[in-house]
$ cat final36.csv   # CSV, C-alpha atoms
chain,number,residue,atom,x,y,z
A,126,MET,CA,-39.6,-66.8,-34.8
A,127,ASN,CA,-40.7,-68.8,-31.9
A,128,ASP,CA,-38.9,-72.2,-32.2
A,129,GLY,CA,-40.5,-73.8,-29.2
A,130,ILE,CA,-38.0,-72.5,-26.7
A,131,LYS,CA,-39.6,-70.8,-23.8
A,132,ARG,CA,-37.6,-67.7,-22.7
A,133,GLU,CA,-37.7,-66.3,-19.2
A,134,PRO,CA,-38.8,-62.8,-18.7
A,135,TRP,CA,-35.9,-60.2,-18.8
A,136,HIS,CA,-35.9,-59.5,-15.1
A,137,ILE,CA,-35.5,-63.2,-14.2
A,138,ARG,CA,-32.6,-63.6,-16.7
A,139,TRP,CA,-31.0,-60.4,-15.4
A,140,TYR,CA,-31.4,-61.6,-11.7
A,141,ASN,CA,-30.0,-65.1,-12.5
A,142,TYR,CA,-27.0,-63.6,-14.3
A,143,ASN,CA,-26.3,-60.7,-11.8
A,144,LYS,CA,-27.5,-62.0,-8.4
A,145,TYR,CA,-24.0,-62.1,-7.0
A,146,SER,CA,-23.5,-58.5,-8.1
A,147,ILE,CA,-26.5,-57.1,-6.3
A,148,PRO,CA,-24.6,-56.3,-3.0
A,149,VAL,CA,-22.0,-54.5,-5.1
A,150,ILE,CA,-24.6,-52.6,-7.0
A,151,LEU,CA,-26.4,-51.5,-3.8
A,152,THR,CA,-23.2,-50.6,-2.1
A,153,LEU,CA,-22.1,-48.6,-5.2
A,154,ILE,CA,-25.5,-46.7,-5.1
A,155,GLY,CA,-25.1,-46.1,-1.3
A,156,THR,CA,-21.6,-44.9,-1.8
A,157,ILE,CA,-22.6,-42.5,-4.5
A,158,VAL,CA,-25.5,-41.2,-2.3
A,159,PHE,CA,-23.1,-40.7,0.6
A,160,THR,CA,-20.4,-38.9,-1.3
A,161,ILE,CA,-22.0,-37.0,-4.2
A,162,PHE,CA,-23.8,-34.4,-2.2
A,163,LEU,CA,-20.9,-32.3,-1.0
A,164,ASP,CA,-21.2,-28.6,-0.7
A,165,PHE,CA,-20.0,-26.6,-3.7
A,166,ARG,CA,-20.1,-23.1,-5.2
A,167,THR,CA,-19.6,-22.4,-8.8
A,168,GLY,CA,-20.7,-19.2,-10.6
A,169,ASP,CA,-24.3,-18.5,-9.7
A,170,THR,CA,-24.8,-22.0,-8.2
A,171,ASN,CA,-24.4,-22.4,-4.5
A,172,PHE,CA,-25.2,-26.0,-3.4
A,173,VAL,CA,-25.4,-26.4,0.4
A,174,SER,CA,-25.5,-29.7,2.1
A,175,HIS,CA,-23.4,-31.5,4.7
A,176,ILE,CA,-20.7,-28.9,5.5
A,177,SER,CA,-23.2,-26.1,5.7
A,178,ALA,CA,-25.5,-28.2,7.9
A,179,ILE,CA,-22.8,-29.1,10.4
A,180,ASN,CA,-21.2,-25.7,10.6
A,181,VAL,CA,-24.1,-24.2,12.6
A,182,LEU,CA,-23.9,-27.0,15.2
A,183,THR,CA,-22.0,-26.6,18.5
A,184,ASN,CA,-21.1,-30.3,18.6
A,185,LYS,CA,-18.0,-30.6,16.5
A,186,VAL,CA,-17.7,-34.4,16.8
A,187,ILE,CA,-20.2,-34.5,13.9
A,188,GLY,CA,-17.3,-33.6,11.5
A,189,PHE,CA,-15.6,-36.8,12.6
A,190,TYR,CA,-18.9,-38.7,11.9
A,191,LEU,CA,-19.1,-37.2,8.4
A,192,PHE,CA,-15.5,-38.0,7.7
A,193,SER,CA,-15.9,-41.5,9.0
A,194,ILE,CA,-19.0,-42.1,6.9
A,195,TYR,CA,-17.2,-41.0,3.8
A,196,MET,CA,-14.1,-43.1,4.5
A,197,ILE,CA,-16.1,-46.3,5.4
A,198,SER,CA,-18.2,-45.9,2.3
A,199,LEU,CA,-15.1,-46.0,0.1
A,200,VAL,CA,-13.7,-49.0,2.0
A,201,GLN,CA,-17.0,-50.7,1.7
A,202,LEU,CA,-17.0,-50.4,-2.1
A,203,ALA,CA,-13.7,-52.4,-2.1
A,204,ASN,CA,-15.1,-54.9,0.4
A,205,SER,CA,-18.2,-55.5,-1.7
A,206,LEU,CA,-16.1,-56.2,-4.8
A,207,SER,CA,-14.0,-58.6,-2.7
A,208,PHE,CA,-17.2,-60.3,-1.4
A,209,LYS,CA,-18.5,-60.6,-5.0
A,210,LYS,CA,-15.3,-62.3,-6.1
A,211,LYS,CA,-15.1,-64.9,-3.3
A,212,ARG,CA,-18.4,-64.9,-1.4
A,213,SER,CA,-16.6,-66.2,1.6
A,214,PRO,CA,-18.0,-66.2,5.1
A,215,VAL,CA,-15.0,-64.1,6.3
A,216,SER,CA,-15.7,-61.5,3.7
A,217,LEU,CA,-19.4,-61.5,4.6
A,218,ILE,CA,-18.6,-61.0,8.3
A,219,MET,CA,-16.2,-58.1,7.5
A,220,PHE,CA,-18.8,-56.6,5.2
A,221,THR,CA,-21.5,-56.9,7.8
A,222,ILE,CA,-19.4,-55.4,10.6
A,223,MET,CA,-18.3,-52.4,8.5
A,224,ASN,CA,-21.9,-51.8,7.4
A,225,ALA,CA,-23.1,-52.0,11.0
A,226,ILE,CA,-20.5,-49.4,11.9
A,227,GLN,CA,-21.6,-47.3,9.0
A,228,VAL,CA,-25.3,-47.4,10.1
A,229,LEU,CA,-24.3,-46.6,13.7
A,230,LEU,CA,-22.3,-43.6,12.4
A,231,VAL,CA,-25.3,-42.4,10.4
A,232,TYR,CA,-27.5,-42.8,13.5
A,233,LEU,CA,-25.0,-40.8,15.6
A,234,TYR,CA,-24.8,-38.1,12.8
A,235,VAL,CA,-28.6,-37.7,12.6
A,236,ASN,CA,-28.9,-37.8,16.4
A,237,VAL,CA,-26.5,-34.8,16.8
A,238,PHE,CA,-29.0,-32.6,15.0
A,239,TYR,CA,-31.9,-33.6,17.3
A,240,THR,CA,-29.7,-33.3,20.4
A,241,GLU,CA,-28.7,-29.8,19.3
A,242,VAL,CA,-32.5,-28.9,19.2
A,243,ASP,CA,-32.9,-30.2,22.7
A,244,LEU,CA,-29.8,-28.3,24.0
A,245,ARG,CA,-30.5,-25.0,22.3
A,246,PRO,CA,-34.1,-24.0,22.2
A,247,GLU,CA,-33.4,-21.2,19.7
A,248,PHE,CA,-31.8,-23.7,17.3
A,249,VAL,CA,-33.8,-24.7,14.2
A,250,ILE,CA,-32.6,-27.4,11.9
A,251,THR,CA,-32.0,-25.8,8.5
A,252,PRO,CA,-33.2,-27.1,5.2
A,253,ALA,CA,-29.6,-28.1,4.5
A,254,GLY,CA,-29.6,-30.1,7.8
A,255,TYR,CA,-32.7,-32.0,6.8
A,256,PHE,CA,-31.3,-32.7,3.4
A,257,SER,CA,-28.1,-33.9,4.9
A,258,MET,CA,-29.8,-36.2,7.3
A,259,ASN,CA,-32.1,-37.6,4.6
A,260,VAL,CA,-29.1,-38.3,2.3
A,261,MET,CA,-27.4,-40.1,5.1
A,262,MET,CA,-30.4,-42.2,5.9
A,263,VAL,CA,-31.0,-43.1,2.2
A,264,GLY,CA,-27.3,-44.2,1.9
A,265,ALA,CA,-27.6,-46.3,5.1
A,266,ALA,CA,-30.8,-47.9,3.7
A,267,PHE,CA,-28.8,-49.0,0.6
A,268,TYR,CA,-26.1,-50.4,2.8
A,269,ILE,CA,-28.6,-52.4,4.8
A,270,LEU,CA,-30.1,-53.8,1.7
A,271,ALA,CA,-26.6,-54.7,0.4
A,272,THR,CA,-25.9,-56.6,3.6
A,273,VAL,CA,-29.2,-58.5,3.4
A,274,PHE,CA,-28.4,-59.6,-0.1
A,275,ALA,CA,-24.9,-60.5,0.8
A,276,TRP,CA,-26.2,-62.9,3.5
A,277,PHE,CA,-28.4,-64.5,0.8
A,278,TYR,CA,-25.5,-65.1,-1.6
A,279,VAL,CA,-22.6,-66.2,0.8
A,280,ASP,CA,-21.0,-69.5,-0.1
A,281,TRP,CA,-20.9,-71.2,3.3
A,282,LYS,CA,-18.8,-74.1,1.8
A,283,TYR,CA,-16.1,-71.7,0.6
A,284,VAL,CA,-12.7,-73.2,0.6
A,285,LYS,CA,-9.7,-71.2,-0.2
A,286,ILE,CA,-7.6,-73.0,-2.9
A,287,GLU,CA,-3.9,-72.4,-2.7
A,288,GLU,CA,-2.3,-71.5,-6.0
A,289,GLU,CA,0.8,-73.4,-6.8
$ encode --input "final36.csv" --output "structure tokens"
Amino acid sequence: MNDGIKREPWHIRWYNYNKYSIPVILTLIGTIVFTIFLDFRTGDTNFVSHISAINVLTNKVIGFYLFSIYMISLVQLANSLSFKKKRSPVSLIMFTIMNAIQVLLVYLYVNVFYTEVDLRPEFVITPAGYFSMNVMMVGAAFYILATVFAWFYVDWKYVKIEEE
């Protein structure tokens, strides 16, 4: 059934068709990673993560960091969809600034755990604490990748057309 037309491999076709969606896909994965691992208890299942990890700390500002990470991740999902639609430099700058704030918050979140170890010699980071820090770092890595791809696909000649 080969009629002389050379077809590209599936991954090249997929990339060419979806390349402007890659920042959205990476942001969506990062947002899911940030928000899906919340503590819950149901029946015999007791999943401990972020809340259990921060409850043993004396530094209570970490609750603000966790809340901010969650809120920014939801805002960034909307920002990435806006960027995909327009690919304007203004959207890119906003997307980059918000992702930089997100990565800074993740750094501060993780840093609180290690600062607590320095301040209280008897304190040991729990397995839930390590899990929480790893989840946050993986989510931040997806956001960094999304930002890098967004910089590749920005339309620097974007001109807003007024609808009449």
$ closest_residue --input "final36.csv" --among "A:Thr170, A:Ser177, A:Thr221, A:Thr156" --to "Tyr195 in chain A" --atoms "all atoms listed in the file"
A:Thr156
$ closest_residue --input "final36.csv" --among "A:His175, A:Lys282, A:Arg245, A:Lys209" --to "Ile147 in chain A" --atoms "all atoms listed in the file"
A:Lys209
$ atom_distance --input "final36.csv" --atom1 "CA of Ile130 in chain A" --atom2 "CA of Tyr142 in chain A"
18.8 Å
$ residues_around --input "final36.csv" --residues "Ala271 in chain A" --least-positions-apart "5" --cutoff "12 Å" --atoms "all atoms listed in the file" --output "NGL selection string"
:A and (144-156 or 201-202 or 204-206 or 208-209 or 217 or 220-221 or 223-225 or 264-266 or 276-278)
$ atom_distance --input "final36.csv" --atom1 "CA of Leu270 in chain A" --atom2 "CA of Phe192 in chain A"
22.3 Å
$ closest_residue --input "final36.csv" --among "A:Ala253, A:Ala275, A:Ile269, A:Leu182" --to "Phe162 in chain A" --atoms "all atoms listed in the file"
A:Ala253
$ atom_distance --input "final36.csv" --atom1 "CA of Met261 in chain A" --atom2 "CA of Tyr234 in chain A"
8.4 Å
$ closest_residue --input "final36.csv" --among "A:Leu233, A:Tyr190, A:Ser257, A:Thr272" --to "Ile161 in chain A" --atoms "all atoms listed in the file"
A:Ser257
$ closest_residue --input "final36.csv" --among "A:Val279, A:Leu199, A:Leu191, A:Ile179" --to "Tyr232 in chain A" --atoms "only C-alpha atoms"
A:Leu191
$ closest_residue --input "final36.csv" --among "A:Tyr268, A:Phe248, A:Phe238, A:Trp281" --to "Ile226 in chain A" --atoms "only C-alpha atoms"
A:Tyr268
$ decode --input "final36.csv" --residues "range 223-268 of chain A" --atoms "N, CA and C atoms" --output "short mmCIF file (atom, residue, chain, number, x, y, z; two decimals), in the first residue's frame"
data_model
loop_
_atom_site.label_atom_id
_atom_site.label_comp_id
_atom_site.auth_asym_id
_atom_site.auth_seq_id
_atom_site.Cartn_x
_atom_site.Cartn_y
_atom_site.Cartn_z
N MET A 223 5.69 34.09 36.58
CA MET A 223 4.92 33.24 37.50
C MET A 223 5.63 31.91 37.76
N ASN A 224 6.24 31.34 36.73
CA ASN A 224 6.98 30.09 36.93
C ASN A 224 8.23 30.33 37.77
N ALA A 225 8.87 31.47 37.61
CA ALA A 225 10.04 31.79 38.45
C ALA A 225 9.61 31.93 39.92
N ILE A 226 8.47 32.57 40.15
CA ILE A 226 7.95 32.68 41.52
C ILE A 226 7.63 31.29 42.06
N GLN A 227 7.05 30.44 41.22
CA GLN A 227 6.72 29.08 41.65
C GLN A 227 7.97 28.29 42.04
N VAL A 228 8.99 28.38 41.23
CA VAL A 228 10.24 27.68 41.53
C VAL A 228 10.88 28.24 42.80
N LEU A 229 10.82 29.56 42.98
CA LEU A 229 11.33 30.17 44.22
C LEU A 229 10.56 29.65 45.44
N LEU A 230 9.24 29.57 45.32
CA LEU A 230 8.44 29.06 46.43
C LEU A 230 8.76 27.60 46.74
N VAL A 231 8.99 26.81 45.71
CA VAL A 231 9.37 25.40 45.93
C VAL A 231 10.72 25.35 46.64
N TYR A 232 11.65 26.19 46.22
CA TYR A 232 12.96 26.24 46.89
C TYR A 232 12.79 26.61 48.36
N LEU A 233 11.99 27.63 48.64
CA LEU A 233 11.76 28.05 50.03
C LEU A 233 11.07 26.94 50.83
N TYR A 234 10.13 26.25 50.20
CA TYR A 234 9.42 25.15 50.84
C TYR A 234 10.40 24.05 51.26
N VAL A 235 11.24 23.64 50.34
CA VAL A 235 12.22 22.58 50.63
C VAL A 235 13.24 23.07 51.65
N ASN A 236 13.64 24.31 51.54
CA ASN A 236 14.65 24.88 52.43
C ASN A 236 14.18 24.90 53.89
N VAL A 237 12.89 25.06 54.11
CA VAL A 237 12.36 25.08 55.47
C VAL A 237 12.65 23.75 56.18
N PHE A 238 12.53 22.65 55.46
CA PHE A 238 12.80 21.35 56.07
C PHE A 238 14.26 21.24 56.53
N TYR A 239 15.17 21.66 55.66
CA TYR A 239 16.59 21.56 56.02
C TYR A 239 17.00 22.59 57.08
N THR A 240 16.34 23.73 57.09
CA THR A 240 16.59 24.72 58.14
C THR A 240 16.12 24.18 59.49
N GLU A 241 15.00 23.48 59.47
CA GLU A 241 14.49 22.88 60.71
C GLU A 241 15.48 21.86 61.28
N VAL A 242 16.12 21.09 60.40
CA VAL A 242 17.13 20.12 60.85
C VAL A 242 18.29 20.85 61.50
N ASP A 243 18.69 21.99 60.94
CA ASP A 243 19.80 22.76 61.52
C ASP A 243 19.42 23.38 62.86
N LEU A 244 18.17 23.84 62.98
CA LEU A 244 17.73 24.51 64.21
C LEU A 244 17.43 23.55 65.35
N ARG A 245 16.90 22.40 65.02
CA ARG A 245 16.53 21.42 66.05
C ARG A 245 17.29 20.13 65.80
N PRO A 246 18.36 19.87 66.51
CA PRO A 246 19.16 18.67 66.27
C PRO A 246 18.38 17.37 66.44
N GLU A 247 17.34 17.37 67.26
CA GLU A 247 16.56 16.15 67.46
C GLU A 247 15.57 15.89 66.32
N PHE A 248 15.34 16.90 65.47
CA PHE A 248 14.37 16.77 64.38
C PHE A 248 14.93 15.92 63.25
N VAL A 249 14.12 15.01 62.78
CA VAL A 249 14.47 14.16 61.64
C VAL A 249 13.35 14.32 60.60
N ILE A 250 13.74 14.53 59.37
CA ILE A 250 12.74 14.65 58.30
C ILE A 250 12.06 13.30 58.13
N THR A 251 10.75 13.32 58.18
CA THR A 251 9.96 12.09 58.07
C THR A 251 9.91 11.62 56.62
N PRO A 252 9.53 10.37 56.39
CA PRO A 252 9.33 9.91 55.00
C PRO A 252 8.30 10.76 54.26
N ALA A 253 7.26 11.21 54.97
CA ALA A 253 6.27 12.10 54.34
C ALA A 253 6.93 13.42 53.93
N GLY A 254 7.88 13.90 54.73
CA GLY A 254 8.59 15.13 54.39
C GLY A 254 9.43 14.96 53.14
N TYR A 255 10.15 13.85 53.05
CA TYR A 255 10.94 13.60 51.84
C TYR A 255 10.04 13.44 50.62
N PHE A 256 8.93 12.74 50.79
CA PHE A 256 7.99 12.57 49.69
C PHE A 256 7.46 13.93 49.24
N SER A 257 7.07 14.76 50.19
CA SER A 257 6.54 16.08 49.88
C SER A 257 7.57 16.93 49.13
N MET A 258 8.80 16.92 49.62
CA MET A 258 9.84 17.71 48.94
C MET A 258 10.09 17.20 47.53
N ASN A 259 10.12 15.88 47.35
CA ASN A 259 10.34 15.31 46.02
C ASN A 259 9.21 15.65 45.07
N VAL A 260 7.98 15.60 45.55
CA VAL A 260 6.83 15.96 44.72
C VAL A 260 6.97 17.40 44.26
N MET A 261 7.32 18.28 45.17
CA MET A 261 7.45 19.70 44.82
C MET A 261 8.58 19.93 43.80
N MET A 262 9.67 19.22 43.98
CA MET A 262 10.79 19.40 43.04
C MET A 262 10.46 18.84 41.66
N VAL A 263 9.73 17.74 41.59
CA VAL A 263 9.32 17.19 40.29
C VAL A 263 8.36 18.15 39.60
N GLY A 264 7.40 18.69 40.35
CA GLY A 264 6.48 19.67 39.77
C GLY A 264 7.21 20.90 39.25
N ALA A 265 8.18 21.38 40.02
CA ALA A 265 8.97 22.54 39.58
C ALA A 265 9.77 22.22 38.33
N ALA A 266 10.27 21.01 38.22
CA ALA A 266 11.02 20.61 37.01
C ALA A 266 10.12 20.66 35.78
N PHE A 267 8.88 20.20 35.91
CA PHE A 267 7.95 20.29 34.78
C PHE A 267 7.65 21.74 34.42
N TYR A 268 7.56 22.61 35.41
CA TYR A 268 7.31 24.02 35.13
C TYR A 268 8.51 24.67 34.44
#
